[in-house]
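Here is the file protein.cif (mmCIF, C-alpha atoms).
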data_data
#
loop_
_atom_site.label_atom_id
_atom_site.label_comp_id
_atom_site.auth_asym_id
_atom_site.auth_seq_id
_atom_site.Cartn_x
_atom_site.Cartn_y
_atom_site.Cartn_z
CA MET A 29 0.00 0.00 0.00
CA PRO A 30 1.34 3.46 -0.86
CA ALA A 31 1.82 5.86 2.05
CA TRP A 32 3.09 9.36 2.80
CA LEU A 33 4.84 10.39 6.00
CA ASP A 34 4.90 14.06 6.97
CA VAL A 35 8.12 14.64 8.93
CA THR A 36 8.35 18.41 8.53
CA ALA A 37 8.30 18.71 12.35
CA GLY A 38 10.97 16.03 12.80
CA VAL A 39 10.95 12.30 13.37
CA SER A 40 11.69 9.76 16.09
CA GLY A 41 10.89 6.10 16.46
CA ASP A 42 8.12 6.60 19.00
CA MET A 43 6.49 9.31 16.86
CA VAL A 44 6.23 6.92 13.92
CA LEU A 45 4.92 4.21 16.26
CA GLY A 46 2.20 6.60 17.38
CA ALA A 47 1.24 7.40 13.79
CA LEU A 48 1.04 3.70 12.91
CA VAL A 49 -1.21 2.93 15.89
CA ASP A 50 -3.36 5.99 15.17
CA ALA A 51 -3.75 4.79 11.56
CA GLY A 52 -5.15 1.46 12.73
CA CYS A 53 -2.18 -0.79 13.51
CA ASP A 54 -2.97 -3.09 16.45
CA LEU A 55 -0.69 -2.31 19.41
CA ALA A 56 -0.79 -6.00 20.37
CA VAL A 57 0.81 -6.90 17.02
CA LEU A 58 3.67 -4.49 17.70
CA GLN A 59 4.07 -5.82 21.26
CA ALA A 60 4.27 -9.40 20.00
CA HIS A 61 7.08 -8.55 17.57
CA VAL A 62 9.01 -6.60 20.21
CA ASP A 63 8.59 -9.49 22.68
CA ALA A 64 10.08 -11.85 20.10
CA VAL A 65 13.33 -9.85 20.19
CA ILE A 66 13.49 -8.61 23.79
CA PRO A 67 11.00 -10.75 25.74
CA ALA A 68 9.57 -9.50 29.05
CA THR A 69 11.57 -6.27 28.96
CA VAL A 70 9.20 -3.50 27.80
CA ARG A 71 5.48 -2.78 27.59
CA LEU A 72 3.97 -0.63 24.83
CA THR A 73 1.05 1.62 25.78
CA SER A 74 -0.78 4.28 23.84
CA CYS A 75 -2.94 7.28 24.70
CA GLU A 76 -4.38 10.36 23.04
CA VAL A 77 -2.54 13.65 23.67
CA GLN A 78 -2.57 17.23 22.43
CA ARG A 79 0.40 18.79 20.67
CA ALA A 80 -0.02 22.53 20.07
CA GLY A 81 -3.77 21.95 20.00
CA THR A 82 -3.57 19.00 17.59
CA ARG A 83 -4.86 15.57 18.65
CA ALA A 84 -2.32 12.79 18.31
CA THR A 85 -1.50 9.31 19.60
CA LYS A 86 1.48 8.91 21.90
CA VAL A 87 3.10 5.49 22.24
CA ASP A 88 5.21 5.00 25.35
CA VAL A 89 7.75 2.23 25.87
CA ALA A 90 7.95 1.37 29.58
CA ALA A 91 10.84 -0.77 30.84
CA LEU A 92 9.84 -3.83 32.89
CA VAL A 93 13.42 -4.63 33.95
CA ALA A 94 16.54 -2.61 34.67
CA ASP A 95 18.22 -1.44 31.50
CA HIS A 96 21.70 -0.37 30.47
CA PRO A 97 21.73 1.61 27.23
CA HIS A 98 25.04 0.26 25.90
CA ARG A 99 24.75 -2.76 23.65
CA SER A 100 26.92 -3.99 20.83
CA TRP A 101 25.77 -4.27 17.25
CA SER A 102 26.67 -7.96 17.31
CA GLU A 103 24.35 -8.58 20.30
CA ILE A 104 21.43 -6.77 18.69
CA ARG A 105 22.06 -8.51 15.36
CA HIS A 106 22.04 -11.91 17.10
CA ARG A 107 18.74 -11.10 18.83
CA LEU A 108 17.12 -10.09 15.54
CA GLU A 109 18.48 -13.06 13.58
CA SER A 110 17.36 -15.60 16.19
CA ALA A 111 13.95 -14.05 16.97
CA ASP A 112 10.71 -15.51 15.65
CA LEU A 113 9.92 -12.67 13.25
CA ASP A 114 8.35 -12.36 9.82
CA ASP A 115 11.08 -12.25 7.18
CA ARG A 116 10.15 -8.71 6.14
CA VAL A 117 10.24 -7.42 9.73
CA ARG A 118 13.56 -9.14 10.41
CA ASP A 119 15.08 -7.80 7.17
CA THR A 120 14.06 -4.17 7.70
CA SER A 121 15.01 -4.26 11.40
CA LEU A 122 18.45 -5.63 10.55
CA ARG A 123 18.94 -3.07 7.79
CA THR A 124 17.93 -0.22 10.11
CA PHE A 125 20.43 -1.24 12.79
CA ALA A 126 23.08 -2.01 10.16
CA ARG A 127 22.66 1.56 8.89
CA LEU A 128 23.09 2.87 12.44
CA ALA A 129 26.13 0.65 13.00
CA ALA A 130 27.80 1.84 9.79
CA VAL A 131 27.20 5.46 10.79
CA GLU A 132 28.58 4.95 14.31
CA ALA A 133 31.63 3.20 12.86
CA ARG A 134 32.37 6.16 10.59
CA VAL A 135 31.68 8.81 13.23
CA HIS A 136 33.90 7.15 15.84
CA ASP A 137 36.44 5.59 13.42
CA VAL A 138 36.01 2.00 14.61
CA ALA A 139 35.23 -1.28 12.88
CA VAL A 140 31.53 -1.96 12.37
CA ASP A 141 31.67 -5.14 14.47
CA ASP A 142 33.23 -3.12 17.31
CA VAL A 143 30.37 -0.62 17.45
CA HIS A 144 28.61 -0.25 20.79
CA PHE A 145 25.33 1.61 20.68
CA HIS A 146 24.56 4.03 23.45
CA GLU A 147 21.10 5.61 23.38
CA VAL A 148 20.00 3.55 20.35
CA GLY A 149 21.05 0.34 22.11
CA ALA A 150 18.54 0.79 24.92
CA TRP A 151 15.46 -1.42 25.19
CA ASP A 152 13.14 1.40 24.15
CA SER A 153 15.13 2.14 20.99
CA ILE A 154 15.17 -1.54 20.03
CA ALA A 155 11.40 -1.59 20.60
CA ASP A 156 11.00 1.53 18.42
CA VAL A 157 12.88 -0.04 15.50
CA VAL A 158 11.21 -3.46 15.66
CA GLY A 159 7.79 -1.90 16.33
CA VAL A 160 7.96 0.47 13.37
CA CYS A 161 9.20 -2.27 11.02
CA ALA A 162 6.39 -4.55 12.23
CA GLY A 163 3.78 -1.78 11.92
CA LEU A 164 4.70 -0.89 8.35
CA ALA A 165 4.60 -4.58 7.42
CA HIS A 166 1.28 -5.09 9.24
CA LEU A 167 -0.31 -2.18 7.33
CA ASP A 168 1.31 -3.53 4.13
CA VAL A 169 3.12 -0.28 3.36
CA THR A 170 5.17 -1.05 0.26
CA ASP A 171 5.78 2.44 -1.14
CA LEU A 172 6.63 5.14 1.42
CA VAL A 173 7.11 8.73 0.28
CA VAL A 174 8.36 11.19 2.91
CA SER A 175 8.21 14.97 3.12
CA SER A 176 11.13 17.31 3.68
CA LEU A 177 12.67 16.45 7.05
CA GLY A 178 12.88 18.89 9.95
CA VAL A 179 16.19 18.22 11.73
CA GLY A 180 16.30 21.07 14.30
CA SER A 181 19.07 23.39 15.39
CA GLY A 182 21.22 24.24 18.41
CA THR A 183 22.78 21.52 20.56
CA VAL A 184 21.81 18.23 22.21
CA ALA A 185 23.23 16.38 25.24
CA THR A 186 24.36 12.82 24.44
CA ALA A 187 26.50 10.05 25.94
CA HIS A 188 29.39 11.64 24.02
CA GLY A 189 28.77 15.10 25.50
CA VAL A 190 27.02 18.13 24.08
CA LEU A 191 26.84 17.89 20.28
CA PRO A 192 25.60 20.26 17.57
CA VAL A 193 22.26 19.59 15.90
CA PRO A 194 21.91 17.71 13.68
CA ALA A 195 24.06 15.25 15.61
CA PRO A 196 26.92 13.58 13.68
CA ALA A 197 25.06 10.27 13.34
CA VAL A 198 22.00 12.03 11.90
CA LEU A 199 24.08 14.23 9.61
CA ASP A 200 25.80 11.14 8.20
CA MET A 201 22.46 9.68 7.08
CA LEU A 202 21.11 12.77 5.30
CA ASP A 203 22.78 12.26 1.90
CA GLY A 204 20.24 12.85 -0.85
CA LEU A 205 17.47 13.97 1.52
CA SER A 206 15.68 17.32 1.44
CA VAL A 207 15.94 18.82 4.94
CA HIS A 208 15.27 22.05 6.81
CA ALA A 209 15.94 23.23 10.36
CA GLY A 210 12.29 23.28 11.42
CA GLY A 211 12.87 24.78 14.87
CA PRO A 212 15.18 24.72 17.89
CA GLY A 213 16.50 21.55 19.51
CA GLU A 214 16.90 18.03 18.19
CA LEU A 215 13.91 17.25 15.97
CA ALA A 216 15.25 14.18 14.15
CA THR A 217 16.77 11.37 16.22
CA PRO A 218 19.25 8.83 14.84
CA THR A 219 16.70 6.04 15.28
CA GLY A 220 14.01 8.03 13.48
CA VAL A 221 16.27 8.97 10.57
CA ALA A 222 17.58 5.40 10.24
CA LEU A 223 14.00 4.09 10.03
CA LEU A 224 13.11 6.80 7.53
CA THR A 225 16.05 6.17 5.21
CA THR A 226 15.60 2.40 5.41
CA HIS A 227 11.93 2.41 4.44
CA ALA A 228 11.46 5.49 2.25
CA THR A 229 11.14 4.82 -1.48
CA GLY A 230 10.90 8.50 -2.42
CA GLN A 231 10.65 12.05 -1.10
CA GLY A 232 8.21 14.80 -1.96
CA PRO A 233 4.77 16.26 -1.29
CA LEU A 234 1.65 14.18 -0.67
CA PRO A 235 1.18 11.95 -3.73
CA ALA A 236 -2.18 11.75 -5.50
CA MET A 237 -4.12 8.96 -3.79
CA THR A 238 -7.51 7.87 -2.54
CA VAL A 239 -7.01 8.11 1.23
CA SER A 240 -7.94 5.01 3.23
CA ALA A 241 -6.52 5.93 6.66
CA THR A 242 -4.51 8.61 8.44
CA GLY A 243 -2.53 8.64 11.66
CA VAL A 244 -0.90 11.32 13.80
CA GLY A 245 1.94 10.33 16.13
CA ALA A 246 3.15 12.57 18.95
CA GLY A 247 6.64 13.30 20.22
CA SER A 248 7.37 13.75 23.91
CA ARG A 249 7.60 17.56 23.90
CA ASP A 250 4.63 19.90 23.46
CA THR A 251 5.91 23.08 21.85
CA PRO A 252 3.42 25.96 21.57
CA ASP A 253 4.55 27.23 18.16
CA ARG A 254 4.15 24.00 16.16
CA PRO A 255 2.58 20.54 16.65
CA ASN A 256 5.37 18.10 17.53
CA VAL A 257 3.91 15.28 15.43
CA VAL A 258 4.41 13.12 12.37
CA ARG A 259 1.45 12.41 10.10
CA LEU A 260 0.90 9.20 8.15
CA VAL A 261 -1.44 9.00 5.16
CA LEU A 262 -2.36 5.62 3.65
CA GLY A 263 -4.28 5.08 0.42
CA MET A 264 -4.45 3.82 -3.10
CA PRO A 265 -2.79 5.77 -5.94
CA VAL A 266 -4.86 7.97 -8.22
CA GLN A 267 -3.37 8.14 -11.68
CA PRO A 268 -3.33 11.55 -13.39
CA VAL A 269 -5.09 11.89 -16.74
CA LEU A 270 -2.45 12.26 -19.41
CA GLY A 271 -4.31 13.29 -22.54
CA GLU A 272 -6.55 10.71 -24.17
CA SER A 273 -7.08 7.26 -22.76
CA VAL A 274 -4.64 4.65 -23.99
CA GLY A 275 -7.58 2.35 -24.55
CA GLU A 276 -9.08 -0.84 -23.21
CA GLY A 277 -6.58 -3.64 -22.95
CA VAL A 278 -3.80 -1.49 -21.47
CA ASP A 279 -2.80 -1.59 -17.79
CA ASP A 280 -3.70 1.86 -16.46
CA GLY A 281 -0.46 3.26 -15.08
CA THR A 282 0.38 0.45 -12.66
CA PRO A 283 2.77 1.59 -9.89
CA MET A 284 6.01 -0.38 -10.09
CA ALA A 285 9.26 -0.36 -8.16
CA LEU A 286 12.50 0.16 -10.08
CA ILE A 287 15.53 -1.24 -8.24
CA GLU A 288 18.97 -0.28 -9.56
CA ALA A 289 22.60 -0.95 -8.70
CA ASN A 290 25.93 -0.10 -10.34
CA VAL A 291 28.45 -2.95 -10.34
CA ASP A 292 32.07 -2.81 -11.51
CA ASP A 293 33.65 -5.89 -9.91
CA LEU A 294 31.48 -8.87 -10.90
CA ASP A 295 32.63 -11.59 -13.30
CA PRO A 296 30.51 -10.84 -16.41
CA ARG A 297 29.88 -14.55 -16.91
CA VAL A 298 27.64 -14.44 -13.82
CA TRP A 299 25.19 -11.86 -15.19
CA PRO A 300 22.92 -14.23 -17.21
CA SER A 301 22.22 -16.32 -14.09
CA VAL A 302 21.58 -13.17 -12.04
CA LEU A 303 18.99 -11.90 -14.53
CA ALA A 304 17.35 -15.32 -14.77
CA SER A 305 17.14 -15.64 -10.97
CA LEU A 306 15.54 -12.22 -10.60
CA VAL A 307 12.89 -13.01 -13.21
CA THR A 308 12.23 -16.39 -11.60
CA ALA A 309 11.76 -14.61 -8.27
CA GLY A 310 8.97 -12.50 -9.75
CA ALA A 311 10.60 -9.49 -11.44
CA ALA A 312 8.53 -8.17 -14.34
CA ASP A 313 11.81 -7.44 -16.13
CA ALA A 314 15.53 -7.26 -15.41
CA TRP A 315 18.24 -5.81 -17.63
CA LEU A 316 21.82 -4.53 -17.82
CA GLN A 317 23.35 -1.41 -19.32
CA PRO A 318 27.09 -0.87 -19.80
CA ILE A 319 28.28 2.28 -18.01
CA LEU A 320 31.53 4.06 -17.19
CA MET A 321 32.02 4.74 -13.48
CA LYS A 322 34.41 7.01 -11.62
CA LYS A 323 38.11 6.65 -12.39
CA GLY A 324 37.14 5.37 -15.84
CA ARG A 325 36.13 1.91 -14.64
CA PRO A 326 33.84 -0.01 -17.04
CA ALA A 327 30.80 -1.37 -15.21
CA HIS A 328 27.19 -2.44 -15.57
CA SER A 329 24.01 -0.84 -14.28
CA LEU A 330 21.51 -3.49 -13.19
CA ALA A 331 17.81 -2.56 -13.29
CA VAL A 332 14.95 -4.65 -11.88
CA LEU A 333 11.28 -3.81 -12.44
CA CYS A 334 8.75 -5.34 -10.06
CA THR A 335 5.53 -4.79 -8.18
CA PRO A 336 6.06 -2.88 -4.90
CA ASP A 337 5.23 -5.90 -2.70
CA LEU A 338 8.15 -7.86 -4.23
CA ALA A 339 10.66 -5.03 -3.81
CA PRO A 340 12.04 -6.17 -0.39
CA THR A 341 12.64 -9.70 -1.69
CA LEU A 342 14.27 -8.56 -4.93
CA ARG A 343 16.43 -5.93 -3.19
CA LYS A 344 17.79 -8.74 -1.02
CA GLN A 345 18.38 -10.91 -4.09
CA VAL A 346 20.36 -8.16 -5.81
CA LEU A 347 22.55 -7.84 -2.71
CA ASP A 348 22.96 -11.63 -2.46
CA LEU A 349 23.57 -12.37 -6.15
CA THR A 350 25.89 -9.49 -7.06
CA SER A 351 28.89 -7.77 -5.52
CA THR A 352 27.13 -4.43 -5.02
CA ILE A 353 27.11 -2.93 -1.52
CA GLY A 354 23.93 -0.92 -2.03
CA VAL A 355 20.84 -0.47 -4.17
CA ARG A 356 18.52 2.41 -4.93
CA GLN A 357 14.78 2.26 -5.51
CA THR A 358 12.31 4.58 -7.19
CA THR A 359 8.62 4.37 -7.98
CA VAL A 360 7.59 4.41 -11.64
CA GLN A 361 4.38 3.78 -13.58
CA ARG A 362 4.02 1.14 -16.27
CA TRP A 363 1.51 1.13 -19.11
CA ALA A 364 1.45 -2.35 -20.63
CA LEU A 365 -0.63 -4.00 -23.31
CA HIS A 366 -2.64 -6.99 -22.18
CA ARG A 367 -1.32 -10.23 -23.51
CA GLY A 368 -2.15 -13.90 -23.99
CA TRP A 369 -0.75 -16.98 -25.68
CA VAL A 370 -1.68 -19.34 -28.46
CA ASP A 371 0.20 -22.39 -29.76
CA VAL A 372 1.32 -22.99 -33.34
CA VAL A 373 2.91 -26.17 -34.68
CA VAL A 374 6.27 -26.30 -36.47
CA ASP A 375 7.06 -29.77 -37.88
CA GLY A 376 5.13 -31.42 -35.07
CA GLU A 377 6.59 -29.24 -32.28
CA ASN A 378 4.43 -26.79 -30.31
CA VAL A 379 5.70 -23.22 -30.09
CA ALA A 380 3.80 -20.69 -27.95
CA VAL A 381 3.16 -17.29 -29.56
CA LYS A 382 2.74 -14.30 -27.23
CA VAL A 383 -0.04 -12.03 -28.44
CA ALA A 384 -0.44 -8.42 -27.27
CA HIS A 385 -3.83 -6.79 -27.81
CA GLN A 386 -5.63 -3.47 -27.33
CA ASP A 387 -9.29 -2.53 -27.84
CA GLY A 388 -9.99 -6.03 -29.15
CA ARG A 389 -7.27 -5.67 -31.81
CA ILE A 390 -4.12 -7.76 -32.08
CA VAL A 391 -1.08 -5.45 -31.89
CA HIS A 392 1.87 -7.87 -31.75
CA ALA A 393 2.32 -11.63 -32.14
CA THR A 394 5.78 -12.97 -31.27
CA PRO A 395 6.96 -16.59 -30.89
CA GLU A 396 8.46 -17.41 -27.47
CA PHE A 397 12.21 -17.77 -27.98
CA ASP A 398 12.68 -20.57 -25.40
CA ASP A 399 9.98 -22.66 -27.06
CA ALA A 400 11.55 -22.09 -30.47
CA SER A 401 14.99 -22.98 -29.11
CA THR A 402 13.68 -26.26 -27.61
CA ALA A 403 11.89 -27.14 -30.84
CA ALA A 404 14.99 -26.33 -32.88
CA ALA A 405 17.10 -28.69 -30.77
CA ARG A 406 14.61 -31.51 -31.23
CA LEU A 407 14.26 -30.86 -34.96
CA GLU A 408 18.01 -30.29 -35.42
CA ARG A 409 17.26 -27.04 -37.21
CA PRO A 410 18.62 -23.51 -36.64
CA VAL A 411 16.64 -21.49 -34.11
CA ARG A 412 16.29 -18.72 -36.70
CA GLU A 413 14.40 -21.03 -39.05
CA VAL A 414 12.04 -22.21 -36.30
CA LEU A 415 11.28 -18.62 -35.26
CA GLU A 416 10.51 -17.70 -38.86
CA ALA A 417 8.35 -20.80 -39.30
CA ALA A 418 6.43 -20.06 -36.08
CA SER A 419 5.79 -16.47 -37.18
CA ALA A 420 4.56 -17.69 -40.54
CA ALA A 421 2.31 -20.25 -38.82
CA ALA A 422 0.83 -17.49 -36.65
CA VAL A 423 0.05 -15.44 -39.74
CA SER A 424 -1.49 -18.48 -41.46
CA ALA A 425 -3.64 -19.12 -38.38
CA GLY A 426 -4.98 -15.59 -38.67
CA VAL A 427 -3.57 -14.35 -35.38
CA ALA A 428 -2.22 -11.12 -36.83
CA ARG A 429 -5.45 -10.53 -38.79
CA GLY A 430 -7.59 -10.86 -35.66
CA ALA A 431 -9.17 -14.20 -36.60
CA ILE A 432 -8.34 -15.24 -33.04
CA LEU A 433 -10.02 -12.97 -30.50
CA PRO A 434 -8.28 -11.88 -27.28
CA SER A 435 -10.92 -13.79 -25.30
CA GLN A 436 -9.72 -17.01 -26.98
CA LEU A 437 -6.12 -16.60 -25.81
CA ARG A 438 -4.58 -18.42 -22.86
CA THR A 439 -3.72 -16.16 -19.96
CA THR A 440 -0.54 -18.09 -19.13
CA HIS A 441 2.41 -19.16 -21.24
CA ARG A 442 1.91 -22.85 -20.50
CA PRO A 443 -1.50 -24.53 -20.85
#

Rewrite the structure of this file - the entire thing - as C-alpha cells.
Amino acid sequence: MPAWLDVTAGVSGDMVLGALVDAGCDLAVLQAHVDAVIPATVRLTSCEVQRAGTRATKVDVAALVADHPHRSWSEIRHRLESADLDDRVRDTSLRTFARLAAVEARVHDVAVDDVHFHEVGAWDSIADVVGVCAGLAHLDVTDLVVSSLGVGSGTVATAHGVLPVPAPAVLDMLDGLSVHAGGPGELATPTGVALLTTHATGQGPLPAMTVSATGVGAGSRDTPDRPNVVRLVLGMPVQPVLGESVGEGVDDGTPMALIEANVDDLDPRVWPSVLASLVTAGAADAWLQPILMKKGRPAHSLAVLCTPDLAPTLRKQVLDLTSTIGVRQTTVQRWALHRGWVDVVVDGENVAVKVAHQDGRIVHATPEFDDASTAAARLERPVREVLEAASAAAVSAGVARGAILPSQLRTTHRP
C-alpha cells in the first residue's frame, strides 16, 4: 500500500509508532514482535494527547526490567536473527540497525563489528525499531514517500557530550534527503532517521491517492509554536489523466518499483544467471546497461522492475547475487498492453506465440524464444528457421489478422 509520511516537524521512532497505531495498527501486534526480540523487557502503551492543539496518539515504551543503554551491534544482530519474526520485519530491522552501525563506525572511526550503541542500544530504541518495522509490514506499506525532514538546530546532550544539531550520526544519514531546520533543539533522532532512510522509497509532497486511513503520532515535547507530530497517510494511488485514454486492454499506469545498482567488480559470466534468478523470483523485467564509473572503470548498471510488494525480496536478491554494496529504488508507472498466448505447430513441435492486444485488436504476435529454441534442438534445425516458421504459422492461423479474439487466448504461457 502506498503511504506518505509528513516529517516536517521532525521524526523519532516513537512518533512513527504513534502514527502507525493511530492509523489502525494493532498495538498488540507491535508488542508481539518486540517481545520476540526482547521478551519480558518493555510494555507498549498508547494514549491520546494534544500537541499545540492538535490531537495525536502517543506510544510509550515502559521498561519492565533494569536497562543499560550500551549494547553492541553484534548482540542486537544476534537477537534479531534468532527471533521468531516475519522475514520482512527481520530484514528491515536488521537493515535499520546495520545503517546505524555503519554510521557509528564512521563517526567514531572503529570497525563496524566493534560498534557499541549508546542511546540507540537501549530497550526502548530496540522496541522503536522493531515496532515500526512490524507496523509498516502489518499495514502492508510497500511504497513510502516522505516529506522534507525537519532536523532542528542548536545543541543536544548525548552520551558523548554536548553535540551540535543535527548530531553527527544524523548528519551522516542525510545524503540525498531534502531537509530544513524546522525549529530549535533536536527534531530528528538517529533512530528516526535510520528508520526513515531504510523504508522510504521517495521524497516529496503528498502523492495523489484515494485516502484510506490517516494517523498522527506525537513526540514527547509539546511546543506551543508547532505541533510536535508526524502524520501518516495511507491510500491507493490515483493516476493523473495524461491526454486521451490509452484504450481498453492497457494496464492503467500500474505503480512499479524500479531497483537499480551499479556494479564494476562482478565476473561478467555471472550476469545471465543473475537476470534469470531475478525473473524467476517475480521481477517483471531485469536488464543490464554498460556504463563508465568514476576513475574510468567499465561497469554495468543493473535494473529490476517489479511490483512494490516484491521489492524487499528482490532488493535482497540483488545484494545476495551481485557484488554491489547498495541499491537504490524509485517508484515508476508502467503502461502495458494486455497479452495472452496461443500455440502454433512447427514440424510437429508446439511453439507458444505471445499475443499483445488493445481494444480487441491484435497489436503484436511474437513466438516465445525458449519454445523455439527447444523445438529447434529436437528438430536439429537452426533457431532462426524455427522462429521464422512459427511467425509464418501465426500469420497463417490468422492471429495477426484478428481471426483469433483476445478472449480465446490463454492467460498463461503454458496450458

List the residues matched by the PyMOL selection byres ((chain A and resi 81) around 10) in the displayed structure as a list in words, ordered by chain and then by residue number.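 Evaluating the PyMOL selection byres ((chain A and resi 81) around 10) on this file yields Val77, Gln78, Arg79, Ala80, Thr82, Arg83, Ala84, Asp250, Thr251, Pro252, Arg254 and Pro255 of chain A.
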
Resulting file, chosen residues, C-alpha atoms, as an mmCIF file, in the coordinates of the input:
data_model
loop_
_atom_site.group_PDB
_atom_site.id
_atom_site.type_symbol
_atom_site.label_atom_id
_atom_site.label_comp_id
_atom_site.auth_asym_id
_atom_site.auth_seq_id
_atom_site.Cartn_x
_atom_site.Cartn_y
_atom_site.Cartn_z
ATOM 1 C CA VAL A 77 -2.540 13.650 23.670
ATOM 2 C CA GLN A 78 -2.570 17.230 22.430
ATOM 3 C CA ARG A 79 0.400 18.790 20.670
ATOM 4 C CA ALA A 80 -0.020 22.530 20.070
ATOM 5 C CA THR A 82 -3.570 19.000 17.590
ATOM 6 C CA ARG A 83 -4.860 15.570 18.650
ATOM 7 C CA ALA A 84 -2.320 12.790 18.310
ATOM 8 C CA ASP A 250 4.630 19.900 23.460
ATOM 9 C CA THR A 251 5.910 23.080 21.850
ATOM 10 C CA PRO A 252 3.420 25.960 21.570
ATOM 11 C CA ARG A 254 4.150 24.000 16.160
ATOM 12 C CA PRO A 255 2.580 20.540 16.650
#

With the cut-off set at 12 Å and counting only C-alpha atoms, tabulate each residue of stretch 79-126 of chain A with an atom at most that distance from an atom of stretch 318-341 of chain A, showing the nearest atom pair and its distance in Å to one decimal, ordered by chain and increasing number, as a Markdown table.
| residue | atom | partner | partner_atom | distance |
| --- | --- | --- | --- | --- |
| A:Asp115 | CA | A:Thr341 | CA | 9.4 |
| A:Arg116 | CA | A:Pro340 | CA | 7.3 |
| A:Val117 | CA | A:Pro340 | CA | 10.4 |
| A:Arg118 | CA | A:Pro340 | CA | 11.3 |
| A:Asp119 | CA | A:Pro340 | CA | 8.3 |
| A:Thr120 | CA | A:Pro340 | CA | 8.6 |
| A:Arg123 | CA | A:Pro340 | CA | 11.1 |

Closest of A:Leu215, A:Met237, A:Leu415, A:Val62 to A:Trp151, counting all atoms listed in the file, is A:Val62

Explicit residue set for the PyMOL selection byres ((chain A and resi 174) around 9), as a PyMOL selection string: chain A and resi 31-35+172-173+175-177+224+228-234

Query raised in the report: Taking all atoms listed in the file into account, which of A:Val93, A:Val193, A:Ile104, A:Asp156 comes nearest A:Leu72?
Result: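 Counting all atoms listed in the file, the residue closest to A:Leu72 is A:Asp156.
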
Under the rule that only C-alpha atoms are counted, which of A:Ala165, A:Ala195, A:Ala150, A:Val244 is the nearest residue to A:Glu76?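 Among the listed residues, A:Val244 lies closest to A:Glu76.
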
Near A:Ala241, counting only C-alpha atoms, which residues have an atom at most 9 Å away, once you skip same-chain residues fewer than 5 positions from it, shown as a compact mmCIF listing (two decimals) with C-alpha atoms, keeping the file's coordinate frame?
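Generated output (out_7.txt):
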# COMPACT_ATOMS: atom_id res chain seq x y z
CA ALA A 51 -3.75 4.79 11.56
CA GLY A 52 -5.15 1.46 12.73
CA LEU A 260 0.90 9.20 8.15
CA VAL A 261 -1.44 9.00 5.16
CA LEU A 262 -2.36 5.62 3.65
CA GLY A 263 -4.28 5.08 0.42

Compile the contact shell of A:Arg127 as a PyMOL selection string: residues with an atom at most 9 Å away, counting all atoms listed in the file, same-chain residues fewer than 5 positions apart removed. chain A and resi 122+132+201+222+225-226

Identify all residues satisfying the PyMOL selection byres ((chain A and resi 183) around 7) in the given file; provide them as an mmCIF file with C-alpha atoms, in the frame of the given file.
data_model
loop_
_atom_site.group_PDB
_atom_site.id
_atom_site.type_symbol
_atom_site.label_atom_id
_atom_site.label_comp_id
_atom_site.auth_asym_id
_atom_site.auth_seq_id
_atom_site.Cartn_x
_atom_site.Cartn_y
_atom_site.Cartn_z
ATOM 1 C CA SER A 181 19.070 23.390 15.390
ATOM 2 C CA GLY A 182 21.220 24.240 18.410
ATOM 3 C CA VAL A 184 21.810 18.230 22.210
ATOM 4 C CA ALA A 185 23.230 16.380 25.240
ATOM 5 C CA VAL A 190 27.020 18.130 24.080
ATOM 6 C CA LEU A 191 26.840 17.890 20.280
ATOM 7 C CA PRO A 192 25.600 20.260 17.570
ATOM 8 C CA VAL A 193 22.260 19.590 15.900
ATOM 9 C CA GLY A 213 16.500 21.550 19.510
#

Atom CA of A:Asp348 sits from atom CA of A:Arg362 at a separation of 26.7 Å
